[in-house]
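K.L.:
My structure is stored as entry-v3.cif, with mmCIF, C-alpha atoms.
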```
data_coords
loop_
_atom_site.label_atom_id
_atom_site.label_comp_id
_atom_site.auth_asym_id
_atom_site.auth_seq_id
_atom_site.Cartn_x
_atom_site.Cartn_y
_atom_site.Cartn_z
CA MET D 58 8.45 20.74 -3.67
CA ARG D 59 8.59 19.90 -7.37
CA TRP D 60 5.54 17.61 -6.99
CA GLN D 61 3.36 20.58 -6.09
CA SER D 62 1.57 20.62 -9.44
CA GLN D 63 0.67 16.92 -9.28
CA THR D 64 -2.66 17.00 -7.51
CA LEU D 65 -5.86 15.01 -7.60
CA ASP D 66 -9.23 16.55 -6.77
CA ALA D 67 -10.40 14.77 -3.63
CA ASP D 68 -14.11 15.13 -4.36
CA ASP D 69 -14.12 13.34 -7.72
CA GLY D 70 -15.15 10.08 -6.08
CA ALA D 71 -12.08 8.13 -7.23
CA LEU D 72 -10.74 7.41 -3.77
CA PRO D 73 -13.65 7.41 -1.30
CA GLY D 74 -11.71 5.55 1.38
CA LEU D 75 -8.89 8.06 1.24
CA GLU D 76 -11.31 10.96 1.55
CA ARG D 77 -12.20 9.62 4.97
CA ALA D 78 -8.49 9.54 5.82
CA GLY D 79 -7.95 13.26 5.18
CA PHE D 80 -6.88 13.01 1.56
CA VAL D 81 -4.96 15.97 0.10
CA ARG D 82 -3.39 14.86 -3.19
CA SER D 83 -1.84 11.94 -5.09
CA VAL D 84 1.72 12.03 -6.37
CA GLN D 85 3.71 10.00 -8.88
CA THR D 86 7.37 10.46 -9.73
CA PRO D 87 9.90 8.67 -11.96
CA GLU D 88 12.00 7.96 -8.87
CA PHE D 89 9.30 5.57 -7.68
CA GLU D 90 8.08 3.95 -10.87
CA GLY D 91 4.79 2.11 -10.46
CA ILE D 92 4.04 3.65 -7.06
CA THR D 93 1.48 6.32 -6.23
CA PHE D 94 1.74 8.27 -3.00
CA HIS D 95 -1.52 9.52 -1.50
CA GLU D 96 -0.76 12.35 0.89
CA VAL D 97 -3.17 12.74 3.78
CA LEU D 98 -3.45 14.94 6.86
CA CYS D 99 -4.02 12.70 9.85
CA LYS D 100 -6.05 13.83 12.83
CA SER D 101 -4.18 11.56 15.24
CA ALA D 102 -0.73 10.00 15.25
CA LEU D 103 -0.91 7.75 18.31
CA ASN D 104 -2.87 4.53 17.82
CA LYS D 105 -4.10 2.50 20.78
CA VAL D 106 -3.39 -1.22 20.52
CA ASP D 107 -6.36 -3.42 21.39
CA SER D 108 -4.40 -6.39 22.68
CA ASP D 109 -3.37 -7.53 26.16
CA SER D 110 -0.85 -10.05 24.82
CA LEU D 111 1.71 -7.53 23.51
CA PRO D 112 4.26 -5.56 25.52
CA PHE D 113 3.26 -2.16 24.12
CA GLY D 114 0.04 -0.20 24.14
CA TRP D 115 0.63 2.46 21.49
CA THR D 116 1.94 2.62 17.94
CA VAL D 117 2.68 5.26 15.33
CA ASN D 118 2.24 4.39 11.65
CA PRO D 119 3.59 7.16 9.38
CA MET D 120 2.36 5.33 6.27
CA ARG D 121 -0.18 2.76 5.17
CA GLY D 122 0.69 0.26 2.49
CA CYS D 123 4.28 -0.78 1.89
CA SER D 124 6.53 -0.91 -1.15
CA HIS D 125 8.47 -3.79 0.42
CA ALA D 126 5.75 -5.90 -1.22
CA CYS D 127 6.21 -8.92 1.06
CA ARG D 128 3.74 -11.58 -0.05
CA TYR D 129 3.24 -12.74 3.53
CA CYS D 130 2.66 -9.32 5.14
CA PHE D 131 -0.05 -9.58 7.79
CA ALA D 132 -1.02 -5.90 7.42
CA ARG D 133 -2.42 -6.21 3.89
CA GLY D 134 -6.02 -6.25 5.04
CA THR D 135 -5.73 -2.74 6.49
CA HIS D 136 -5.73 -1.31 2.94
CA GLU D 137 -9.28 -2.54 2.46
CA TYR D 138 -10.43 0.03 5.04
CA LEU D 139 -9.47 2.64 2.44
CA ASP D 140 -11.36 0.93 -0.40
CA LEU D 141 -8.03 -0.25 -1.84
CA ASP D 142 -7.17 -3.91 -2.40
CA ALA D 143 -4.83 -5.93 -0.24
CA GLY D 144 -2.70 -7.15 -3.14
CA ASP D 145 -1.14 -4.87 -5.73
CA ASP D 146 -2.68 -1.74 -4.20
CA PHE D 147 -1.05 -2.46 -0.85
CA ASP D 148 2.34 -2.64 -2.61
CA SER D 149 1.91 0.38 -4.87
CA GLN D 150 -0.69 2.76 -3.38
CA ILE D 151 1.12 4.20 -0.38
CA VAL D 152 -0.73 6.50 2.00
CA VAL D 153 1.62 9.05 3.58
CA LYS D 154 0.63 10.99 6.70
CA THR D 155 2.57 14.11 5.87
CA ASN D 156 1.74 15.92 9.13
CA VAL D 157 2.30 12.93 11.42
CA ALA D 158 5.29 14.40 13.31
CA ALA D 159 3.50 17.66 14.13
CA VAL D 160 0.35 15.84 15.25
CA LEU D 161 2.40 13.43 17.35
CA ARG D 162 4.25 16.26 19.06
CA ARG D 163 0.94 17.87 19.98
CA GLU D 164 -0.45 14.62 21.38
CA LEU D 165 2.69 13.91 23.41
CA HIS D 166 2.49 17.31 25.06
CA LYS D 167 -0.96 16.65 26.47
CA ARG D 168 -1.07 16.43 30.26
CA SER D 169 -2.85 13.11 29.97
CA TRP D 170 0.10 11.44 28.19
CA ARG D 171 1.89 9.06 30.57
CA ARG D 172 5.01 8.45 28.48
CA GLU D 173 4.07 4.86 27.76
CA PRO D 174 6.26 2.95 25.27
CA VAL D 175 5.44 3.56 21.62
CA ALA D 176 6.21 1.06 18.85
CA LEU D 177 6.97 1.89 15.21
CA GLY D 178 6.99 -0.71 12.46
CA THR D 179 4.29 -2.98 13.83
CA ASN D 180 1.99 -2.38 10.85
CA THR D 181 3.94 -1.13 7.83
CA ASP D 182 7.62 -0.28 7.72
CA PRO D 183 8.47 3.33 8.67
CA TYR D 184 11.73 3.00 6.75
CA GLN D 185 10.32 1.82 3.45
CA ARG D 186 11.64 3.64 0.38
CA ALA D 187 9.20 6.55 0.62
CA GLU D 188 10.84 7.67 3.87
CA GLY D 189 13.81 8.79 1.81
CA ARG D 190 11.55 11.34 0.13
CA TYR D 191 9.22 12.39 2.95
CA ARG D 192 11.65 12.24 5.91
CA LEU D 193 8.95 11.69 8.51
CA MET D 194 11.03 9.66 10.97
CA PRO D 195 13.45 12.37 12.18
CA GLY D 196 10.49 14.46 13.32
CA ILE D 197 8.84 11.45 14.96
CA ILE D 198 12.02 10.45 16.76
CA GLY D 199 12.54 14.02 17.88
CA ALA D 200 8.99 14.34 19.23
CA LEU D 201 9.23 11.09 21.18
CA THR D 202 12.62 11.99 22.62
CA GLU D 203 11.67 15.53 23.61
CA SER D 204 8.59 14.27 25.45
CA GLY D 205 10.56 11.61 27.35
CA THR D 206 8.68 8.75 25.68
CA PRO D 207 10.49 5.41 25.24
CA PHE D 208 10.08 3.87 21.83
CA SER D 209 11.01 0.93 19.63
CA ILE D 210 11.50 0.50 15.89
CA LEU D 211 11.14 -2.63 13.79
CA THR D 212 12.27 -2.40 10.19
CA LYS D 213 13.52 -4.15 7.08
CA GLY D 214 14.68 -0.81 5.71
CA THR D 215 18.38 -0.02 5.66
CA LEU D 216 17.40 3.65 5.44
CA LEU D 217 17.42 3.56 9.24
CA ARG D 218 21.19 4.04 9.04
CA ARG D 219 20.54 7.64 7.97
CA ASP D 220 19.01 8.30 11.39
CA LEU D 221 21.53 6.32 13.44
CA PRO D 222 23.17 9.46 14.91
CA LEU D 223 19.73 10.75 15.89
CA LEU D 224 18.79 7.41 17.47
CA THR D 225 22.07 7.25 19.35
CA GLN D 226 21.44 10.69 20.76
CA ALA D 227 17.84 9.76 21.64
CA ALA D 228 19.03 6.65 23.50
CA ARG D 229 20.91 8.89 25.93
CA GLN D 230 17.59 10.39 27.02
CA VAL D 231 14.96 7.64 26.64
CA ASP D 232 14.86 3.88 26.23
CA VAL D 233 15.26 3.11 22.52
CA GLN D 234 14.86 -0.44 21.23
CA VAL D 235 15.67 -1.52 17.68
CA ALA D 236 14.76 -4.69 15.80
CA VAL D 237 15.57 -5.75 12.25
CA SER D 238 13.47 -8.26 10.31
CA ILE D 239 15.39 -10.89 8.34
CA ALA D 240 13.18 -13.85 7.48
CA ILE D 241 14.97 -15.14 4.39
CA LEU D 242 18.65 -15.59 3.57
CA ASP D 243 18.29 -17.27 0.18
CA GLU D 244 18.61 -14.55 -2.48
CA ASP D 245 16.31 -16.15 -5.06
CA LEU D 246 13.52 -16.72 -2.54
CA HIS D 247 14.03 -13.20 -1.22
CA LYS D 248 13.57 -11.71 -4.69
CA SER D 249 10.44 -13.77 -5.25
CA LEU D 250 8.72 -13.21 -1.89
CA GLU D 251 9.85 -9.74 -0.75
CA HIS D 252 11.38 -8.12 -3.79
CA GLY D 253 10.87 -4.55 -2.57
CA THR D 254 13.06 -4.97 0.50
CA PRO D 255 16.80 -4.43 0.82
CA SER D 256 18.77 -7.65 0.39
CA PRO D 257 19.29 -9.95 3.39
CA ARG D 258 23.01 -9.11 3.33
CA ALA D 259 22.26 -5.39 3.42
CA ARG D 260 20.05 -5.91 6.46
CA LEU D 261 22.77 -7.93 8.17
CA GLU D 262 25.04 -4.93 7.66
CA LEU D 263 22.34 -2.79 9.29
CA VAL D 264 22.40 -5.12 12.30
CA ARG D 265 26.18 -4.73 12.44
CA ALA D 266 25.95 -0.94 12.30
CA LEU D 267 23.38 -0.86 15.09
CA ALA D 268 25.42 -3.21 17.26
CA ASP D 269 28.55 -1.15 16.66
CA ALA D 270 26.60 1.92 17.79
CA GLY D 271 25.85 0.19 21.10
CA PHE D 272 22.30 -1.06 20.55
CA ALA D 273 21.20 -4.51 21.72
CA VAL D 274 19.67 -5.63 18.43
CA ASN D 275 16.77 -8.03 18.21
CA VAL D 276 16.40 -9.80 14.86
CA MET D 277 13.00 -11.04 13.82
CA VAL D 278 13.37 -14.31 11.92
CA ALA D 279 9.74 -13.99 11.08
CA PRO D 280 7.77 -15.29 9.59
CA VAL D 281 9.31 -18.72 9.20
CA ILE D 282 7.69 -19.98 6.00
CA PRO D 283 6.75 -23.67 6.22
CA TYR D 284 8.63 -25.97 3.84
CA LEU D 285 10.53 -23.01 2.35
CA THR D 286 12.59 -21.40 5.13
CA ASP D 287 12.24 -23.91 7.96
CA GLY D 288 14.97 -26.24 6.74
CA LYS D 289 17.78 -26.98 9.20
CA ALA D 290 20.52 -25.82 6.82
CA HIS D 291 18.76 -22.53 6.00
CA LEU D 292 18.04 -21.68 9.62
CA ASP D 293 21.52 -22.63 10.78
CA GLU D 294 23.14 -20.45 8.11
CA LEU D 295 20.79 -17.56 8.89
CA PHE D 296 21.32 -17.73 12.66
CA ALA D 297 25.09 -17.94 12.15
CA ALA D 298 25.03 -14.82 9.96
CA ILE D 299 22.86 -12.95 12.48
CA ALA D 300 25.20 -13.84 15.33
CA ASP D 301 28.22 -12.79 13.28
CA ALA D 302 26.58 -9.41 12.64
CA GLY D 303 26.42 -8.80 16.39
CA ALA D 304 22.74 -9.30 17.25
CA ASP D 305 21.81 -10.02 20.86
CA HIS D 306 18.55 -11.83 20.37
CA VAL D 307 16.38 -13.58 17.79
CA THR D 308 12.61 -13.93 17.84
CA ALA D 309 11.14 -16.48 15.44
CA PHE D 310 7.67 -17.83 14.75
CA PRO D 311 5.76 -19.43 11.86
CA MET D 312 3.87 -17.54 9.18
CA HIS D 313 0.38 -16.39 10.04
CA LEU D 314 -2.06 -16.19 7.09
CA ARG D 315 -4.80 -13.89 8.26
CA GLY D 316 -7.52 -12.34 6.13
CA SER D 317 -6.57 -11.14 2.67
CA THR D 318 -2.94 -12.14 3.19
CA ARG D 319 -3.90 -15.80 2.90
CA GLY D 320 -5.22 -15.53 -0.65
CA TRP D 321 -2.39 -13.28 -1.80
CA PHE D 322 0.27 -15.64 -0.48
CA LEU D 323 -1.41 -18.84 -1.70
CA GLU D 324 -1.75 -17.31 -5.18
CA TRP D 325 2.02 -16.87 -5.21
CA LEU D 326 2.53 -20.39 -3.85
CA ALA D 327 0.35 -21.88 -6.59
CA GLU D 328 2.50 -20.17 -9.22
CA GLU D 329 5.92 -20.80 -7.73
CA HIS D 330 5.56 -23.98 -5.65
CA PRO D 331 2.31 -25.73 -6.65
CA ALA D 332 3.44 -29.01 -5.11
CA LEU D 333 3.18 -27.40 -1.67
CA LEU D 334 -0.48 -26.35 -1.92
CA ARG D 335 -1.86 -29.59 -0.54
CA ARG D 336 0.58 -29.53 2.38
CA TYR D 337 -0.42 -25.95 3.17
CA ARG D 338 -4.10 -26.85 3.21
CA GLN D 339 -3.30 -29.60 5.68
CA LEU D 340 -1.07 -27.34 7.78
CA TYR D 341 -3.40 -24.32 7.96
CA GLY D 342 -6.78 -25.90 7.36
CA ARG D 343 -9.32 -23.12 7.01
CA GLY D 344 -7.67 -20.95 9.63
CA ALA D 345 -4.80 -18.49 9.81
CA SER D 346 -2.47 -20.50 12.00
CA VAL D 347 -0.30 -23.56 11.61
CA THR D 348 -1.14 -26.66 13.61
CA PRO D 349 0.09 -26.90 17.22
CA GLU D 350 2.20 -29.86 16.15
CA TYR D 351 4.08 -27.77 13.61
CA SER D 352 4.61 -24.95 16.11
CA ALA D 353 6.08 -27.40 18.59
CA TRP D 354 8.29 -28.92 15.91
CA LEU D 355 9.57 -25.50 14.85
CA ARG D 356 10.37 -24.52 18.45
CA GLY D 357 12.33 -27.72 18.76
CA ARG D 358 14.37 -26.76 15.71
CA ILE D 359 14.94 -23.13 16.71
CA GLU D 360 15.75 -23.39 20.42
CA PRO D 361 19.02 -25.30 19.91
CA LEU D 362 20.09 -22.65 17.39
CA LEU D 363 19.40 -19.89 19.90
CA GLU D 364 21.67 -21.67 22.36
CA LYS D 365 24.31 -22.54 19.77
CA TYR D 366 24.71 -18.96 18.59
CA ARG D 367 23.91 -17.28 21.93
CA LEU D 368 20.99 -15.40 20.45
CA ASN D 369 18.76 -15.59 23.49
CA ARG D 370 20.65 -13.13 25.66
CA GLU D 371 18.67 -10.97 28.08
CA ARG D 372 15.32 -12.21 26.90
CA PRO D 373 12.72 -11.30 29.56
CA THR D 374 9.62 -13.42 29.98
CA ASP D 375 7.24 -10.51 29.33
CA SER D 376 8.52 -10.03 25.79
CA GLU D 377 7.62 -13.53 24.64
CA LEU D 378 5.26 -13.42 21.68
CA PRO D 379 2.03 -15.40 21.60
CA GLU D 380 2.24 -18.50 19.45
CA ASN D 381 0.13 -16.94 16.71
CA PRO D 382 0.44 -13.19 17.26
CA GLU D 383 -2.24 -10.81 16.06
CA LEU D 384 -2.20 -7.07 16.38
CA ARG D 385 -5.37 -5.08 15.95
CA VAL D 386 -4.64 -1.39 15.73
CA SER D 387 -7.26 1.30 15.31
CA ASP D 388 -6.35 4.41 13.36
CA SER D 389 -8.53 6.51 15.63
CA PRO D 390 -7.39 8.88 18.43
CA ALA D 391 -7.28 7.53 21.24
CA PRO D 392 8.06 -2.05 27.42
CA ASP D 393 10.45 -2.99 28.84
CA ARG D 394 14.11 -3.37 27.86
CA GLN D 395 13.68 -6.00 25.16
CA LEU D 396 10.59 -5.26 23.08
CA ALA D 397 9.60 -8.14 20.83
CA LEU D 398 7.85 -6.90 17.73
CA PHE D 399 6.64 -8.79 14.74
CA ALA D 400 7.13 -8.18 11.08
#
```
Represent the supplied structure as structure tokens.
P.N.:
Amino acid sequence: MRWQSQTLDADDGALPGLERAGFVRSVQTPEFEGITFHEVLCKSALNKVDSDSLPFGWTVNPMRGCSHACRYCFARGTHEYLDLDAGDDFDSQIVVKTNVAAVLRRELHKRSWRREPVALGTNTDPYQRAEGRYRLMPGIIGALTESGTPFSILTKGTLLRRDLPLLTQAARQVDVQVAVSIAILDEDLHKSLEHGTPSPRARLELVRALADAGFAVNVMVAPVIPYLTDGKAHLDELFAAIADAGADHVTAFPMHLRGSTRGWFLEWLAEEHPALLRRYRQLYGRGASVTPEYSAWLRGRIEPLLEKYRLNRERPTDSELPENPELRVSDSPAPDRQLALFA
């Protein structure tokens, strides 16, 4: 690899949090301007989910941090465990578990493994831009398939199309669920709030490609951003486009501002939409969740659209998300046909 000479001595004290994560070296390249990749050797690939409210018990996170740079991303706080900040560092300091596929294969071959469903994309996106360089997902998909383990993928990354033949082959052997996150249709708002992601139209084409390949695609219209993406015209246009692309189901819920994400998002709001700050303080108070009244109002707006565009097909009751979903995943060793994941 031509990055071989670009190393950083792990014992110089510059990245103490990463040392704990099995730090090997840091890499920069002109192909990813402004982004540093920190390569680590993970000890475990399977993460146990500490939540009884979600329809999966295990996840795999090939990377930490995400170049999608979504202002509202709930996973930002996880970077603080590595002594990195939840703002710019989360967007530009990407931790890559270079041995994750090999470690996963070893864990899946243990006699104790019960082939429980595994979710990918519940923390940071496995198909963010770095996957084009590191190619971790083919090995992960192969390990899961060979072990007979059902799995699901949630992504905003159109790079998934590269692995569509592999996923189609895997689906002949295990249950494979796919979900695409499309929260915003407006191009200007997209560029301001999630500028590192593929365009909404590109993701709609991903939905179409997955549907054409025979997958029942779930689209996450999440999070719905109060006063910015909850308008009737925006939601109607978005749901119509999703239905036209061939999706089977939509899951939607309001934005959740937990931990460090709250300050990072409100900083953006103060710069771009200062008139909304007072309304947000009233809507969220000092907590992470919108008021019950707003949640009820939003459901009342979304449910007719689900019916109108037939985007609630084959939705089982056990895949319903909690009103304000939270996922707590430990990075230590340690569902069903329609798996509802959140972005």
K.L.:
Quick one: apply the PyMOL selection byres ((chain D and resi 147-151) around 7) to the file and drop the selected residues here as an NGL selection string.
P.N.:
:D and (91-95 or 120-126 or 133 or 136 or 142-146 or 152-153)
K.L.:
Go through the shown structure with the PyMOL selection byres ((chain D and resi 238) around 12) and write out the matching residues as a ChimeraX atom specification.
P.N.:
/D:125,127,178-179,182,184,210-215,235-237,239-242,251,254-261,263-264,274-281,295,299,304,306-309,397-400
K.L.:
Would you please work out which residue, of D:Arg172, D:Asp243, D:Arg343, D:Ser249, is nearest to D:Glu294 when using all atoms listed in the file?
P.N.:
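Distance minimum relative to D:Glu294 lands on D:Asp243.
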K.L.:
Counting only C-alpha atoms, what is within 9 Å of stretch 216-230 of chain D, bar same-chain residues fewer than 3 positions away, as a list in words?
P.N.:
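Residues meeting the cut-off are Pro183, Tyr184, Gln185, Arg186, Glu188, Gly189, Met194, Pro195, Ile198, Gly199, Leu201, Thr202, Glu203, Gly205, Pro207, Thr212, Lys213, Val233, Gln234, Leu263, Ala266, Leu267, Ala270, Gly271 and Phe272 of chain D.
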K.L.:
What is the distance, in Å and to one decimal place, between atom CA of D:Thr348 and atom CA of D:Phe310?
P.N.:
12.5 Å
K.L.:
Pick out the closest residue to D:Asn156 from this set: D:Glu96, D:Asp109, D:Glu262, D:Glu137. Count all atoms listed in the file.
P.N.:
D:Glu96
K.L.:
Nearest residue to D:Glu324 out of D:Gly357, D:Arg128, D:Ser101, D:Pro87, using only C-alpha atoms?
P.N.:
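Using only C-alpha atoms, the shortest distance to D:Glu324 belongs to D:Arg128.
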K.L.:
Do you know which residues are at most 8 Å from stretch 363-368 of chain D counting only C-alpha atoms, after dropping those on the same chain fewer than 2 positions away, and could you put them as a PyMOL selection string?
P.N.:
chain D and resi 296-297+300+304-307+359-361+370
K.L.:
In Å, how far is it from atom CA of D:Gly320 to atom CA of D:Tyr341?
P.N.:
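Distance between the two atoms: 12.4 Å.
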K.L.:
Just the number, please: distance in Å from atom CA of D:Glu173 to atom CA of D:Cys99, one decimal.
P.N.:
21.2 Å
K.L.:
Which is closer to D:Thr155 than all the others in D:Trp325, D:Tyr351, D:Phe131, D:Phe80, using all atoms listed in the file?
P.N.:
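For D:Thr155, the nearest of the candidates is D:Phe80.
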K.L.:
Applying 12 Å and all atoms listed in the file, which residues near D:Gly344 remain after dropping the ones on its own chain fewer than 5 positions away? List them as a PyMOL selection string.
P.N.:
chain D and resi 313-316+318-320+337-339+381
K.L.:
Just checking: using only C-alpha atoms, which residue out of D:Arg335, D:Lys289, D:Arg192, D:Lys100 ends up closest to D:Arg163?
P.N.:
D:Lys100
K.L.:
Of the candidates D:Leu355, D:Ala273, D:Val160, D:Leu246, which shows the shortest atom-to-atom distance to D:Leu326, using all atoms listed in the file?
P.N.:
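Closest to D:Leu326, using all atoms listed in the file: D:Leu246.
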K.L.:
Each side padded by 4 Å, which centre and which edge lengths in Å (one decimal) define the axis-aligned box around the listed atoms of stretch 122-127 of chain D? Give them as AutoDock Vina command-line options.
P.N.:
```
--center_x 4.6 --center_y -4.3 --center_z 0.6 --size_x 15.8 --size_y 17.2 --size_z 11.7
```
K.L.:
May I have the residues within 8 Å of D:Leu161 as a PDB file with C-alpha atoms, keeping the file's coordinate frame, using all atoms listed in the file and disregarding those fewer than 4 positions away in the same chain?
P.N.:
```pdb
ATOM      1  CA  SER D 101      -4.180  11.560  15.240  1.00  0.00           C
ATOM      2  CA  ALA D 102      -0.730  10.000  15.250  1.00  0.00           C
ATOM      3  CA  LEU D 103      -0.910   7.750  18.310  1.00  0.00           C
ATOM      4  CA  VAL D 157       2.300  12.930  11.420  1.00  0.00           C
ATOM      5  CA  LEU D 165       2.690  13.910  23.410  1.00  0.00           C
ATOM      6  CA  ILE D 197       8.840  11.450  14.960  1.00  0.00           C
ATOM      7  CA  ALA D 200       8.990  14.340  19.230  1.00  0.00           C
TER       8      ALA D 200
END
```
